[in-house]
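K.L.:
Next up, work.cif (mmCIF, C-alpha atoms).
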```cif
data_upload
loop_
_atom_site.label_atom_id
_atom_site.label_comp_id
_atom_site.auth_asym_id
_atom_site.auth_seq_id
_atom_site.Cartn_x
_atom_site.Cartn_y
_atom_site.Cartn_z
CA MET A 1 47.84 -48.00 -21.08
CA LYS A 2 51.59 -48.68 -21.20
CA ALA A 3 53.97 -46.35 -19.40
CA ILE A 4 57.57 -46.21 -18.13
CA ALA A 5 57.44 -46.33 -14.33
CA GLN A 6 60.03 -46.01 -11.57
CA GLU A 7 59.73 -47.02 -7.90
CA ARG A 8 63.29 -46.38 -6.68
CA TYR A 9 66.41 -44.45 -7.63
CA GLY A 10 69.23 -46.10 -9.52
CA SER A 11 70.50 -46.81 -13.02
CA PRO A 12 68.11 -46.76 -16.00
CA ASP A 13 67.53 -50.45 -15.23
CA VAL A 14 65.07 -49.38 -12.48
CA LEU A 15 62.66 -48.24 -15.20
CA GLU A 16 59.91 -50.67 -16.16
CA LEU A 17 57.33 -50.76 -18.95
CA ARG A 18 54.03 -51.35 -17.14
CA GLU A 19 50.30 -51.39 -17.67
CA VAL A 20 48.80 -48.52 -15.67
CA GLY A 21 45.47 -46.76 -15.65
CA THR A 22 44.78 -44.01 -18.18
CA PRO A 23 44.81 -40.70 -16.28
CA ALA A 24 41.51 -38.94 -15.62
CA VAL A 25 41.11 -35.47 -17.11
CA ALA A 26 40.66 -32.58 -14.67
CA ASP A 27 38.69 -29.45 -15.57
CA HIS A 28 41.68 -27.47 -16.92
CA GLU A 29 43.52 -30.40 -18.51
CA VAL A 30 43.72 -32.10 -21.87
CA LEU A 31 44.29 -35.83 -22.35
CA VAL A 32 46.77 -36.40 -25.17
CA ARG A 33 47.43 -39.60 -27.09
CA VAL A 34 51.22 -39.43 -27.18
CA HIS A 35 52.85 -40.03 -30.56
CA ALA A 36 56.35 -38.96 -29.49
CA ALA A 37 58.22 -37.81 -26.40
CA SER A 38 61.81 -36.71 -25.86
CA VAL A 39 64.56 -37.34 -23.36
CA ASN A 40 66.22 -34.54 -21.37
CA ALA A 41 69.01 -34.36 -18.81
CA ARG A 42 66.17 -33.86 -16.32
CA ASP A 43 65.13 -37.48 -16.89
CA TRP A 44 68.40 -39.10 -15.88
CA HIS A 45 68.66 -36.75 -12.89
CA PHE A 46 65.21 -38.01 -11.81
CA VAL A 47 66.09 -41.66 -12.46
CA ARG A 48 69.32 -41.45 -10.48
CA GLY A 49 68.04 -39.07 -7.82
CA ASP A 50 71.22 -37.16 -8.59
CA PRO A 51 72.42 -34.86 -7.19
CA TYR A 52 71.35 -36.28 -3.85
CA LEU A 53 70.37 -32.85 -2.56
CA ALA A 54 67.61 -32.75 -5.20
CA ARG A 55 65.86 -35.70 -3.51
CA LEU A 56 64.50 -33.27 -0.92
CA GLY A 57 62.14 -32.12 -3.67
CA LEU A 58 61.90 -35.25 -5.81
CA GLY A 59 61.22 -37.66 -2.94
CA VAL A 60 63.69 -38.90 -0.33
CA ARG A 61 63.24 -42.68 -0.67
CA GLY A 62 61.94 -42.73 -4.21
CA PRO A 63 60.40 -40.38 -6.77
CA LYS A 64 57.01 -38.92 -5.92
CA VAL A 65 56.05 -38.93 -9.61
CA LYS A 66 56.35 -42.55 -10.70
CA ILE A 67 56.13 -42.16 -14.48
CA ARG A 68 59.04 -40.49 -16.23
CA GLY A 69 59.14 -38.06 -19.14
CA THR A 70 58.21 -34.42 -19.70
CA ASP A 71 58.03 -33.46 -23.39
CA PHE A 72 55.34 -34.79 -25.69
CA ALA A 73 53.57 -34.33 -29.01
CA GLY A 74 50.36 -36.04 -30.05
CA ARG A 75 46.62 -35.70 -30.61
CA VAL A 76 44.05 -34.54 -28.08
CA GLU A 77 41.89 -37.44 -26.91
CA ALA A 78 39.66 -35.61 -24.44
CA VAL A 79 39.38 -32.21 -22.74
CA GLY A 80 38.31 -31.02 -19.30
CA ARG A 81 35.12 -29.05 -18.78
CA ALA A 82 36.94 -25.71 -18.49
CA VAL A 83 39.19 -26.14 -21.53
CA LYS A 84 38.43 -23.61 -24.28
CA ARG A 85 41.32 -23.80 -26.75
CA PHE A 86 41.38 -27.48 -27.73
CA ARG A 87 39.08 -30.25 -28.88
CA PRO A 88 39.60 -33.97 -29.57
CA GLY A 89 41.69 -34.57 -32.66
CA ASP A 90 43.84 -31.42 -32.36
CA GLU A 91 47.58 -31.95 -32.89
CA VAL A 92 49.48 -30.49 -29.95
CA PHE A 93 52.82 -30.38 -28.13
CA GLY A 94 53.80 -29.39 -24.63
CA GLU A 95 55.15 -30.29 -21.20
CA ALA A 96 53.73 -32.45 -18.42
CA ASP A 97 54.93 -35.00 -15.91
CA ALA A 98 54.55 -38.65 -16.96
CA ALA A 99 55.02 -38.19 -20.72
CA PHE A 100 56.71 -41.58 -21.32
CA ALA A 101 53.32 -43.20 -21.75
CA GLU A 102 50.62 -43.87 -24.31
CA TYR A 103 48.51 -41.07 -22.81
CA VAL A 104 49.40 -38.00 -20.76
CA CYS A 105 47.31 -35.36 -18.98
CA ALA A 106 48.59 -31.80 -19.27
CA GLN A 107 47.40 -28.42 -18.08
CA GLU A 108 45.84 -26.42 -20.91
CA SER A 109 48.32 -23.66 -20.05
CA ALA A 110 51.29 -25.94 -20.90
CA VAL A 111 50.04 -27.04 -24.34
CA GLU A 112 50.06 -25.43 -27.79
CA PRO A 113 49.06 -26.47 -31.31
CA LYS A 114 51.87 -28.46 -32.92
CA PRO A 115 54.04 -26.59 -35.46
CA THR A 116 52.73 -27.62 -38.86
CA ALA A 117 56.26 -27.58 -40.27
CA LEU A 118 57.46 -30.28 -37.86
CA SER A 119 56.72 -33.97 -37.44
CA PHE A 120 55.45 -35.30 -34.12
CA GLU A 121 59.01 -36.49 -33.35
CA GLN A 122 60.50 -33.06 -34.05
CA ALA A 123 57.76 -31.25 -32.14
CA ALA A 124 58.25 -33.49 -29.10
CA ALA A 125 61.91 -32.44 -29.03
CA LEU A 126 61.07 -28.77 -28.53
CA PRO A 127 59.22 -28.00 -25.29
CA LEU A 128 61.69 -28.23 -22.40
CA ALA A 129 64.94 -27.80 -24.34
CA ALA A 130 63.88 -25.04 -26.73
CA ASN A 131 62.02 -23.22 -23.95
CA THR A 132 65.20 -23.35 -21.86
CA ALA A 133 67.14 -21.85 -24.75
CA LEU A 134 64.52 -19.16 -25.32
CA MET A 135 64.35 -18.12 -21.67
CA GLY A 136 68.12 -18.16 -21.26
CA LEU A 137 68.76 -15.97 -24.29
CA ARG A 138 65.73 -13.69 -24.43
CA ASP A 139 64.60 -13.34 -20.81
CA LEU A 140 67.82 -13.58 -18.81
CA GLY A 141 70.45 -12.85 -21.45
CA GLN A 142 68.37 -10.07 -23.05
CA VAL A 143 70.13 -10.78 -26.34
CA GLN A 144 70.11 -7.94 -28.87
CA PRO A 145 70.83 -7.80 -32.61
CA GLY A 146 74.55 -7.54 -33.33
CA GLN A 147 75.68 -8.85 -29.94
CA GLU A 148 78.37 -11.51 -29.73
CA VAL A 149 76.96 -14.63 -28.07
CA LEU A 150 78.79 -17.82 -27.12
CA ILE A 151 76.89 -21.08 -26.58
CA ASN A 152 78.89 -23.57 -24.49
CA GLY A 153 77.44 -26.97 -25.33
CA ALA A 154 76.14 -25.94 -28.76
CA SER A 155 75.60 -29.49 -30.06
CA GLY A 156 73.44 -30.70 -27.16
CA GLY A 157 69.69 -30.78 -26.74
CA VAL A 158 69.39 -27.18 -25.52
CA GLY A 159 72.43 -25.95 -27.42
CA THR A 160 71.17 -26.81 -30.89
CA PHE A 161 68.06 -24.72 -30.21
CA ALA A 162 70.09 -21.94 -28.58
CA VAL A 163 72.24 -21.48 -31.68
CA GLN A 164 69.15 -21.11 -33.87
CA ILE A 165 67.27 -18.83 -31.48
CA ALA A 166 70.28 -16.54 -30.98
CA LYS A 167 70.59 -16.24 -34.76
CA ALA A 168 66.85 -15.55 -35.08
CA PHE A 169 67.34 -12.64 -32.66
CA GLY A 170 70.15 -11.24 -34.80
CA ALA A 171 73.18 -12.20 -32.70
CA GLU A 172 76.64 -13.18 -33.94
CA VAL A 173 76.94 -16.71 -32.58
CA THR A 174 79.94 -18.77 -31.52
CA GLY A 175 79.25 -22.43 -30.81
CA VAL A 176 81.47 -24.56 -28.56
CA CYS A 177 81.42 -28.29 -29.34
CA SER A 178 83.67 -31.25 -30.11
CA THR A 179 85.29 -31.98 -33.45
CA ARG A 180 82.63 -34.45 -34.57
CA ASN A 181 79.87 -31.88 -34.08
CA THR A 182 81.33 -28.81 -35.77
CA GLU A 183 79.52 -29.34 -39.07
CA LEU A 184 76.20 -29.86 -37.28
CA VAL A 185 76.56 -26.61 -35.31
CA ARG A 186 77.68 -24.74 -38.41
CA SER A 187 74.63 -26.01 -40.31
CA LEU A 188 72.36 -24.55 -37.60
CA GLY A 189 73.73 -21.08 -38.26
CA ALA A 190 76.75 -20.59 -35.99
CA ASP A 191 79.05 -17.87 -37.31
CA HIS A 192 82.11 -19.17 -35.45
CA LEU A 193 83.09 -22.50 -33.93
CA VAL A 194 85.34 -23.44 -31.03
CA ASP A 195 86.42 -27.08 -30.90
CA TYR A 196 86.90 -27.64 -27.19
CA THR A 197 89.20 -30.61 -27.86
CA GLN A 198 91.65 -28.17 -29.49
CA GLU A 199 90.99 -24.82 -27.83
CA ASP A 200 89.76 -23.35 -24.53
CA PHE A 201 87.37 -20.48 -25.24
CA THR A 202 88.04 -19.01 -21.79
CA ARG A 203 91.72 -18.52 -22.69
CA ASN A 204 91.75 -17.55 -26.36
CA GLY A 205 91.38 -13.84 -25.69
CA ARG A 206 88.00 -13.34 -27.34
CA ARG A 207 85.25 -11.64 -25.32
CA TYR A 208 81.47 -11.92 -25.60
CA ASP A 209 78.41 -9.89 -24.67
CA LEU A 210 76.67 -13.07 -23.53
CA VAL A 211 77.94 -16.52 -22.58
CA PHE A 212 75.19 -19.15 -22.27
CA ASP A 213 76.65 -22.15 -20.43
CA LEU A 214 74.92 -25.51 -20.81
CA VAL A 215 77.76 -27.71 -19.56
CA GLY A 216 79.18 -26.40 -16.29
CA ASN A 217 82.74 -27.43 -17.16
CA HIS A 218 84.58 -24.23 -16.24
CA SER A 219 84.97 -22.18 -13.08
CA LEU A 220 83.19 -18.86 -12.67
CA ALA A 221 86.53 -17.08 -12.95
CA ALA A 222 87.18 -18.79 -16.29
CA PHE A 223 83.73 -17.93 -17.64
CA ARG A 224 84.19 -14.31 -16.63
CA ARG A 225 87.44 -14.13 -18.61
CA ALA A 226 85.33 -14.71 -21.71
CA LEU A 227 82.99 -11.79 -20.97
CA LYS A 228 83.19 -8.19 -22.06
CA PRO A 229 83.30 -5.70 -19.14
CA THR A 230 79.50 -5.42 -19.11
CA GLY A 231 78.85 -8.98 -20.32
CA THR A 232 76.30 -11.49 -19.07
CA LEU A 233 76.79 -15.12 -18.03
CA VAL A 234 73.71 -17.36 -17.98
CA LEU A 235 74.23 -20.70 -16.22
CA SER A 236 72.10 -23.74 -17.02
CA GLY A 237 74.35 -26.81 -16.90
CA GLY A 238 72.86 -30.33 -16.99
CA GLY A 239 76.04 -32.40 -17.26
CA VAL A 240 76.45 -36.16 -17.68
CA PHE A 241 76.39 -38.88 -15.04
CA GLU A 242 79.77 -39.28 -13.32
CA GLY A 243 78.99 -41.68 -10.49
CA GLY A 244 76.66 -39.68 -8.26
CA SER A 245 77.18 -36.51 -6.27
CA PHE A 246 75.69 -34.57 -3.38
CA VAL A 247 75.42 -31.22 -5.15
CA GLY A 248 76.51 -31.91 -8.76
CA PRO A 249 76.06 -29.02 -11.24
CA MET A 250 74.11 -27.16 -8.56
CA SER A 251 77.46 -26.20 -7.01
CA LEU A 252 78.36 -23.89 -9.90
CA LEU A 253 74.84 -22.48 -9.99
CA ILE A 254 74.91 -21.71 -6.26
CA ARG A 255 78.33 -20.03 -6.54
CA GLY A 256 77.06 -17.99 -9.46
CA GLN A 257 74.11 -16.73 -7.46
CA LEU A 258 76.37 -15.75 -4.55
CA MET A 259 79.03 -14.05 -6.68
CA SER A 260 76.48 -12.12 -8.74
CA ARG A 261 76.15 -9.65 -5.86
CA PHE A 262 79.81 -8.66 -6.08
CA SER A 263 80.60 -8.88 -9.79
CA ARG A 264 80.55 -6.16 -12.43
CA HIS A 265 79.24 -8.82 -14.80
CA ARG A 266 75.66 -10.05 -14.80
CA LEU A 267 75.80 -13.63 -13.46
CA LEU A 268 72.41 -15.29 -13.79
CA VAL A 269 71.04 -18.77 -13.08
CA LEU A 270 68.27 -20.04 -15.33
CA ALA A 271 65.24 -21.82 -13.89
CA ALA A 272 63.10 -22.59 -16.92
CA LYS A 273 59.35 -23.02 -16.43
CA PRO A 274 56.65 -24.34 -18.79
CA SER A 275 54.94 -21.52 -20.66
CA GLN A 276 52.12 -21.54 -23.19
CA GLU A 277 53.31 -18.17 -24.47
CA ASN A 278 56.83 -19.50 -25.04
CA LEU A 279 55.51 -22.59 -26.82
CA ALA A 280 53.64 -20.22 -29.15
CA VAL A 281 56.88 -18.35 -29.88
CA LEU A 282 58.66 -21.63 -30.60
CA ARG A 283 55.82 -22.73 -32.89
CA GLU A 284 56.06 -19.46 -34.83
CA LEU A 285 59.83 -19.80 -35.17
CA ALA A 286 59.45 -23.37 -36.40
CA ASP A 287 56.70 -22.57 -38.89
CA SER A 288 58.71 -19.64 -40.25
CA GLY A 289 61.69 -21.94 -40.90
CA ARG A 290 63.96 -20.34 -38.30
CA LEU A 291 63.86 -23.24 -35.82
CA THR A 292 64.02 -26.97 -36.33
CA ALA A 293 64.77 -30.00 -34.20
CA VAL A 294 67.78 -32.17 -34.93
CA ILE A 295 67.23 -35.75 -33.78
CA ASP A 296 70.24 -37.87 -32.88
CA ARG A 297 68.43 -41.15 -32.23
CA THR A 298 64.92 -42.49 -31.76
CA TYR A 299 63.84 -45.33 -29.47
CA PRO A 300 60.48 -47.06 -28.97
CA LEU A 301 58.71 -46.62 -25.63
CA SER A 302 59.93 -50.03 -24.44
CA GLU A 303 63.56 -48.87 -24.82
CA VAL A 304 63.40 -45.71 -22.71
CA PRO A 305 66.06 -47.15 -20.32
CA GLU A 306 68.49 -47.49 -23.23
CA ALA A 307 67.66 -43.96 -24.42
CA ILE A 308 68.35 -42.44 -21.01
CA ARG A 309 71.56 -44.45 -20.65
CA TYR A 310 72.73 -43.14 -24.02
CA LEU A 311 71.97 -39.55 -23.03
CA GLU A 312 73.66 -39.69 -19.64
CA GLU A 313 76.83 -41.47 -20.78
CA GLU A 314 77.47 -40.71 -24.44
CA HIS A 315 77.25 -36.93 -24.82
CA ALA A 316 74.33 -37.26 -27.23
CA ARG A 317 74.17 -34.85 -30.15
CA SER A 318 71.02 -32.76 -30.34
CA LYS A 319 67.86 -34.59 -29.18
CA VAL A 320 66.93 -38.19 -28.32
CA VAL A 321 63.30 -38.96 -29.09
CA ILE A 322 60.88 -41.69 -27.96
CA THR A 323 58.24 -42.95 -30.38
CA VAL A 324 55.00 -44.25 -28.88
#
```
Take the structure in the file and write it out as structure tokens.
P.N.:
Amino acid sequence: MKAIAQERYGSPDVLELREVGTPAVADHEVLVRVHAASVNARDWHFVRGDPYLARLGLGVRGPKVKIRGTDFAGRVEAVGRAVKRFRPGDEVFGEADAAFAEYVCAQESAVEPKPTALSFEQAAALPLAANTALMGLRDLGQVQPGQEVLINGASGGVGTFAVQIAKAFGAEVTGVCSTRNTELVRSLGADHLVDYTQEDFTRNGRRYDLVFDLVGNHSLAAFRRALKPTGTLVLSGGGVFEGGSFVGPMSLLIRGQLMSRFSRHRLLVLAAKPSQENLAVLRELADSGRLTAVIDRTYPLSEVPEAIRYLEEEHARSKVVITV
């Protein structure tokens, strides 16, 4: 099969389209014929090995996992002996390492039936980004109907889902984005917009029950100015590539964890994990019409390097999808 492989860290040019063996299916896995995958900030962090501190887990000299990609949607090709929920031919979506390939093996527990309301391309855009939004708002932020919620980075891959999910939970949503993205964020249901090229939401005097940060472009003190006295800040910044760093966006996350012990505000750092239960929630939201995926651009599998370069340098709107 064809797959996008990486032997060393560097620019997207280190990625190569190669012929590799089709993965063997373990007892609790499903083999999926990939129809679409999507690009996340996680991918360029893995390609660059950035921040450098992350290489302690990714692999010091080069990535331990050689094939890139995480999100996928496609049809089940084969199932392991212990798999009960799927059979060949089922349309599914989910998360697994090595998704930028013609076939991917995934744990049964990280796969769900594809939303019938979405195409394969739209479904592939959901797993990591929409799950991050769901966990940040529901699990950490504990969003409630009527609360005032601000999404910093509302036009990005996670942000476009966060706006919709916050609205589905009954919140009053403010989206922060650039001028060119205001109509997009408004169309997703945002009640209020802040154009960061014209206004700093941390200094305009408005306060929120929950600030969900997906950018990491303000200090903790600035974020706290935007919170009500008992407000919550959830940090999950991915950023864009700015030449390499030792700590990168992890610096803000680490400071948030340390300061949370001394602040009257709830300061929380999100570590999203794959979840079959969360995929089921996302599927239900999509099939009920309350959640959709906005796709900025699509690229064929052979052009994954260009797709990652676009994401890391160009502040992509919504999601970038790979067709296989």
K.L.:
Written as JSON, numbers by chain, which residues does the PyMOL selection byres ((chain A and resi 18) around 9) give for the file shown?
P.N.:
{"A": [1, 2, 3, 4, 5, 16, 17, 19, 20]}
K.L.:
Find, counting all atoms listed in the file, the residue in A:Asn278, A:Thr298, A:Thr292, A:Asn217 that gets nearest to Thr116 in chain A.
P.N.:
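Of all the options, A:Thr292 lies closest to Thr116 in chain A.
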K.L.:
Give the answer as one residue: which of A:Met135, A:Ala166, A:Val83, A:Ala101 has the shortest atom-to-atom distance to Arg290 in chain A, using all atoms listed in the file?
P.N.:
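Counting all atoms listed in the file, the residue closest to Arg290 in chain A is A:Ala166.
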K.L.:
For the point (42.2, -43.5, -17.1) in the file's frame, write as a list in words all residues with an atom no more than 12 Å away, counting all atoms listed in the file.
P.N.:
Met1, Lys2, Glu19, Val20, Gly21, Thr22, Pro23, Ala24, Val25, Ala26, Leu31, Val32, Arg33, Glu77, Ala78, Glu102, Tyr103, Val104 and Cys105 of chain A
K.L.:
Save out the residues we just selected, C-alpha atoms, as a short mmCIF file (atom, residue, chain, number, x, y, z; two decimals), in the frame of the given file.
P.N.:
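Here's the written file selection_36.cif:
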```cif
data_model
loop_
_atom_site.label_atom_id
_atom_site.label_comp_id
_atom_site.auth_asym_id
_atom_site.auth_seq_id
_atom_site.Cartn_x
_atom_site.Cartn_y
_atom_site.Cartn_z
CA MET A 1 47.84 -48.00 -21.08
CA LYS A 2 51.59 -48.68 -21.20
CA GLU A 19 50.30 -51.39 -17.67
CA VAL A 20 48.80 -48.52 -15.67
CA GLY A 21 45.47 -46.76 -15.65
CA THR A 22 44.78 -44.01 -18.18
CA PRO A 23 44.81 -40.70 -16.28
CA ALA A 24 41.51 -38.94 -15.62
CA VAL A 25 41.11 -35.47 -17.11
CA ALA A 26 40.66 -32.58 -14.67
CA LEU A 31 44.29 -35.83 -22.35
CA VAL A 32 46.77 -36.40 -25.17
CA ARG A 33 47.43 -39.60 -27.09
CA GLU A 77 41.89 -37.44 -26.91
CA ALA A 78 39.66 -35.61 -24.44
CA GLU A 102 50.62 -43.87 -24.31
CA TYR A 103 48.51 -41.07 -22.81
CA VAL A 104 49.40 -38.00 -20.76
CA CYS A 105 47.31 -35.36 -18.98
#
```
K.L.:
Go ahead and compute the interatomic distance for CA of Leu268 in chain A and CA of Val149 in chain A, in Å to one decimal.
P.N.:
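So the two atoms, CA of Leu268 in chain A and CA of Val149 in chain A, lie 15.0 Å apart.
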K.L.:
For His192 in chain A, which residue out of A:Lys64, A:Gly175, A:Asn131, A:Asp43 is the nearest one, using all atoms listed in the file?
P.N.:
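Among the listed residues, A:Gly175 lies closest to His192 in chain A.
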K.L.:
Ranking A:Val163, A:Val92, A:Val194, A:Ala168 by minimum distance to Pro113 in chain A and counting all atoms listed in the file, which one comes first?
P.N.:
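That would be A:Val92, the residue with the smallest distance to Pro113 in chain A.
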K.L.:
Counting all atoms listed in the file, figure out which residue out of A:Ala190, A:Ala293, A:Ala99, A:Ala221 gets nearest to Val320 in chain A.
P.N.:
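Looking only at the distances to Val320 in chain A, the closest residue turns out to be A:Ala293.
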K.L.:
Using only C-alpha atoms, which residues sit within 12 Å of Ser155 in chain A once same-chain residues fewer than 6 positions away are excluded, as a ChimeraX atom specification?
P.N.:
/A:161-164,174-190,193-196,214-215,293-296,315-319
K.L.:
Enumerate, as a list in words, the residues matched when the PyMOL selection byres ((chain A and resi 139) around 12) is run on the file above.
P.N.:
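Selection result, ordered by chain and number: Asn131, Thr132, Ala133, Leu134, Met135, Gly136, Leu137, Arg138, Leu140, Gly141, Gln142, Val143, Gln144, Thr232, Val234, Leu268, Val269, Leu270, Ala271, Ala272, Lys273 and Asn278 of chain A.
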K.L.:
When you draw a straight line from CA of Ala130 in chain A to CA of Val281 in chain A, how long is it in Å?
P.N.:
10.2 Å
K.L.:
From the options A:Leu291, A:Val65, A:Leu235, A:Val34, which residue's atoms come nearest to Phe46 in chain A, counting all atoms listed in the file?
P.N.:
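Closest candidate: A:Val65.
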